[in-house]
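*Asks:* Pasting a structure below so you can have a look.
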Amino acid sequence: MEDTNCLKSEIERLDELNAYALLDTPRDPYFDRITRLAACIFEVPVSLISFVGADHIWFKSAFGLEHISWTERCPGLCSSAILDDALYVVEDALSDPRTSGNPLVTGAFGLRFYAAAPLKTAKGSNIGALSIIDRQPRKFPSSRLSILHLLADMLMSHIELSRGMREQRLSSYEATRAMVHDLKNPLTIITLQTELMELEQQVPPEIREACSQVNRAGKKMTGIINALLALMKERPRDNP
Amino acid sequence: MQKCILIYEDDLEILQLCRTILAPSGYRIETLSHCDNIVADIEQLHPDAILMDLWIPEIGGEQAIALLKERVGNRDIPVILFSANDEIEAISKRVQAKGFLKKPFDIATLKEMVAFALS
C-alpha cells in the first residue's frame, strides 16, 4: 500500500514538474545568478539548480560545473534532497552513512559537503533543489544555512511567476485565435447572401452593385483573417 | 429519385443559406443544428450525402463522423466537412471525409462540392 502511495505521489510530482516546462530546457541567466549568489554567500566552488525527472536530473544552472547538464537519478544526491521539505545537509560525506558509499564521494569528483533546499511548488511537490557543494567538509550554523532556503523560495517565486505569465500568454493566444476563426461564420453569411442578391435579376442594378461591393469587401476581409491566422500559426514559446 | 442532402450546422443563418442555394438544384434538403443523434438521424432521413460542420454541439463534427462510420452500412455515405478551422484539410483526411469546404465559401464551390459528394 505504501509503495502504491509513493508511486502515486511520484507520478503527481512528475506531472507537476512537466507543467513548469523546465526539464531539459536551456540555461537561463536568472537561474545562473541564483547559483552564483549561493556559491558566493557560502564560499563553495559549486552550486546547482536541479530538476528531478523520471530517470535523470537536469541541471538548469550549474555554477562551477558549467560543462555538465544532467546526471542519472542515482547517484545524484538531489534525489534524496527532494524527499523532505527540510534542508538536506551532509557536512562530511565520507563519514555520513547516507553518502559514504556514493560514487560522487568515493570517486574522482571528491564530494565532501552537500546542502540542498528543495524547490517546492504551490501544490506542495518538490520538483528539484538548490544545492551547494564543496570538496572539503564544511559546517555552517543553521541561521546561515537558512539563507539557502530563502534563495530557493525566491527562485520558486520566479518560477511560479514565469509559469503564470506563460499560461496567460497561451490562454490569450488561444482565445484570440478562436475569435479570429469565429469571424469566418458571419463572413460566410455576408459573402453568400450578397452573392445570392447579385444573382437575383429582380433586384435593381444599383443594389446588385452594392452587394457586389460588400461581397468583395468580405473576400478581402477573409484574406486578412487568413493572413492573421498564418502569422498566429506558431504558438507562444512553452519555456518560461 | 430525389437525392437527400443532410446538413449539420449550428449557425441557423448559414443553414438557411445552404438550403436556399441547394434546394433549386432538386435536392431534398434536411437540416439539423446538432449532431448528437447522428446514427438515429441517418436511419430516419436516409441521406445520400452529409455536409457536416466541424464545430457543432455537443460532440463536434469529427466525433460524429467517427460514430457514423462505426456502422458498416453508413460507411459509404459521403461526408463533406465544412469549417472555419484552418486545419480542415488534415482533419478531413483523418476522418475519411470525401471532401472539405473552408468557410467562407462561395455558391459555386458549395454546389460543386455537393455534386462531387454525390458523384
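Note on naming: chains are A, B, ... as they come in the C-alpha cells, residues start from 1 per chain, ligands start from 1 in the order shown.
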With DSSP run on the backbone, what are the strand (DSSP E) residues within chain B? I'd like them as a list in words.
*Replies:*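 Across chain B, those assigned strand (DSSP E) are Cys4, Ile5, Leu6, Ile7, Tyr8, Arg28, Ile29, Glu30, Thr31, Leu32, Ala49, Ile50, Leu51, Met52, Asp53, Val79, Ile80, Leu81, Phe82, Ser83, Gly99, Phe100, Leu101 and Lys102 of chain B.
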*Asks:* Quick check for you: according to DSSP on this backbone, which residues of range 19-220 of chain A are classed as alpha helix (DSSP H)? Reply as an MDAnalysis selection string.
*Replies:* chainID A and resid 19 29:42 78:81 103:106 142:182 184:199 205:220
*Asks:* Could you write those residues out with C-alpha atoms, as a tab-separated table (two decimals), in the first residue's frame?
*Replies:*
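Full text of again_20.tsv as output:
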```tsv
chain	number	residue	atom	x	y	z
A	19	ALA	CA	3.68	21.57	-16.08
A	29	PRO	CA	20.57	33.93	-16.74
A	30	TYR	CA	18.18	34.32	-13.77
A	31	PHE	CA	18.91	30.78	-12.56
A	32	ASP	CA	22.65	31.33	-13.13
A	33	ARG	CA	22.55	34.44	-10.93
A	34	ILE	CA	20.96	32.45	-8.09
A	35	THR	CA	23.63	29.68	-8.17
A	36	ARG	CA	26.40	32.28	-8.41
A	37	LEU	CA	24.92	34.13	-5.45
A	38	ALA	CA	24.63	30.89	-3.42
A	39	ALA	CA	28.25	29.97	-4.20
A	40	CYS	CA	29.41	33.46	-3.15
A	41	ILE	CA	27.39	33.51	0.08
A	42	PHE	CA	28.59	30.08	1.23
A	78	CYS	CA	19.36	15.76	-5.27
A	79	SER	CA	17.02	12.74	-5.46
A	80	SER	CA	17.41	12.36	-1.68
A	81	ALA	CA	17.13	16.11	-1.05
A	103	PRO	CA	30.43	7.30	-6.17
A	104	LEU	CA	30.35	11.11	-6.15
A	105	VAL	CA	32.04	10.90	-2.73
A	106	THR	CA	34.34	7.90	-3.27
A	142	SER	CA	21.65	26.77	10.86
A	143	SER	CA	20.97	30.53	10.72
A	144	ARG	CA	23.32	30.81	7.75
A	145	LEU	CA	22.04	27.67	6.06
A	146	SER	CA	18.52	29.09	6.24
A	147	ILE	CA	19.70	31.56	3.57
A	148	LEU	CA	19.72	28.58	1.16
A	149	HIS	CA	16.02	28.07	1.90
A	150	LEU	CA	15.38	31.77	1.29
A	151	LEU	CA	17.16	31.61	-2.07
A	152	ALA	CA	15.13	28.51	-3.00
A	153	ASP	CA	11.92	30.36	-2.07
A	154	MET	CA	12.98	33.36	-4.19
A	155	LEU	CA	13.71	31.05	-7.09
A	156	MET	CA	10.33	29.32	-6.75
A	157	SER	CA	8.56	32.70	-6.73
A	158	HIS	CA	10.27	33.46	-10.03
A	159	ILE	CA	9.36	30.02	-11.42
A	160	GLU	CA	5.69	30.37	-10.37
A	161	LEU	CA	5.51	33.87	-11.85
A	162	SER	CA	7.04	32.69	-15.14
A	163	ARG	CA	4.60	29.79	-15.30
A	164	GLY	CA	1.64	32.11	-14.64
A	165	MET	CA	2.79	34.51	-17.37
A	166	ARG	CA	3.35	31.64	-19.82
A	167	GLU	CA	-0.11	30.20	-19.15
A	168	GLN	CA	-1.70	33.61	-19.50
A	169	ARG	CA	0.14	34.14	-22.80
A	170	LEU	CA	-1.05	30.76	-24.09
A	171	SER	CA	-4.61	31.29	-22.98
A	172	SER	CA	-4.93	34.76	-24.53
A	173	TYR	CA	-3.30	33.37	-27.70
A	174	GLU	CA	-5.89	30.53	-27.86
A	175	ALA	CA	-8.77	32.94	-27.16
A	176	THR	CA	-7.61	35.37	-29.87
A	177	ARG	CA	-7.18	32.57	-32.37
A	178	ALA	CA	-10.68	31.24	-31.62
A	179	MET	CA	-12.16	34.73	-32.04
A	180	VAL	CA	-10.39	35.21	-35.38
A	181	HIS	CA	-11.77	31.85	-36.51
A	182	ASP	CA	-15.25	32.82	-35.32
A	184	LYS	CA	-15.46	33.36	-40.56
A	185	ASN	CA	-19.07	32.36	-39.81
A	186	PRO	CA	-20.51	35.89	-40.22
A	187	LEU	CA	-18.23	36.32	-43.24
A	188	THR	CA	-19.75	33.17	-44.77
A	189	ILE	CA	-23.19	34.72	-44.34
A	190	ILE	CA	-22.06	38.09	-45.76
A	191	THR	CA	-20.44	36.61	-48.86
A	192	LEU	CA	-23.17	34.02	-49.60
A	193	GLN	CA	-26.05	36.42	-49.03
A	194	THR	CA	-24.54	39.16	-51.19
A	195	GLU	CA	-23.71	36.65	-53.93
A	196	LEU	CA	-27.33	35.45	-53.90
A	197	MET	CA	-28.56	39.05	-54.16
A	198	GLU	CA	-26.21	39.71	-57.08
A	199	LEU	CA	-27.71	36.73	-58.94
A	205	PRO	CA	-28.83	47.08	-60.59
A	206	GLU	CA	-27.60	49.65	-58.05
A	207	ILE	CA	-28.49	47.27	-55.19
A	208	ARG	CA	-26.74	44.43	-57.01
A	209	GLU	CA	-23.67	46.63	-57.44
A	210	ALA	CA	-23.77	47.46	-53.71
A	211	CYS	CA	-23.97	43.73	-52.93
A	212	SER	CA	-21.02	43.11	-55.21
A	213	GLN	CA	-19.00	45.71	-53.27
A	214	VAL	CA	-19.92	44.13	-49.92
A	215	ASN	CA	-19.03	40.71	-51.33
A	216	ARG	CA	-15.61	41.93	-52.48
A	217	ALA	CA	-15.03	43.56	-49.08
A	218	GLY	CA	-15.99	40.26	-47.40
A	219	LYS	CA	-13.49	38.36	-49.54
A	220	LYS	CA	-10.82	40.95	-48.71
```
*Asks:* May I ask which of the residues B:Ile77, B:Cys4, B:Leu17, B:Leu54 is the closest one to chain A, counting only C-alpha atoms?
*Replies:*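 Checking each candidate against chain A, we get B:Leu17 as the closest.
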*Asks:* Find the residues in chain B near chain A: any atom within 6 Å counts, using only C-alpha atoms. Write them as a short mmCIF file (atom, residue, chain, number, x, y, z; two decimals) with N, CA and C atoms, in the first residue's frame.
*Replies:*
```cif
data_model
loop_
_atom_site.label_atom_id
_atom_site.label_comp_id
_atom_site.auth_asym_id
_atom_site.auth_seq_id
_atom_site.Cartn_x
_atom_site.Cartn_y
_atom_site.Cartn_z
N ALA B 84 -14.45 26.73 -40.28
CA ALA B 84 -13.57 27.89 -40.32
C ALA B 84 -12.16 27.49 -39.88
N PRO B 104 -15.03 31.17 -45.26
CA PRO B 104 -16.27 31.29 -46.03
C PRO B 104 -16.09 30.70 -47.44
N ASP B 106 -18.01 30.10 -51.49
CA ASP B 106 -18.99 30.77 -52.35
C ASP B 106 -20.01 29.77 -52.89
#
```
*Asks:* One decimal, Å: what's the distance from CA of Ser131 in chain A over to CA of Pro75 in chain A, could you say?
*Replies:*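 So the two atoms, CA of Ser131 in chain A and CA of Pro75 in chain A, lie 14.9 Å apart.
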*Asks:* Using only C-alpha atoms, which of the listed residues (B:Gln44, B:Ile107, B:Phe116, B:Lys69) sits closest to Cys18 in chain B?
*Replies:*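 Among the listed residues, B:Ile107 lies closest to Cys18 in chain B.
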*Asks:* For Ile127 in chain A, work out the shell of residues within 12 Å, counting only C-alpha atoms and skipping chain neighbours fewer than 6 positions away, then give it as an NGL selection string.
*Replies:* :A and (9-23 or 49-54 or 57-58 or 78-85 or 117-121 or 152 or 156 or 159)
*Asks:* Find, counting only C-alpha atoms, the residue in B:Lys98, B:Lys103, B:His46, B:Lys93 that gets nearest to Asn74 in chain B.
*Replies:*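 For Asn74 in chain B, the nearest of the given residues is B:His46.
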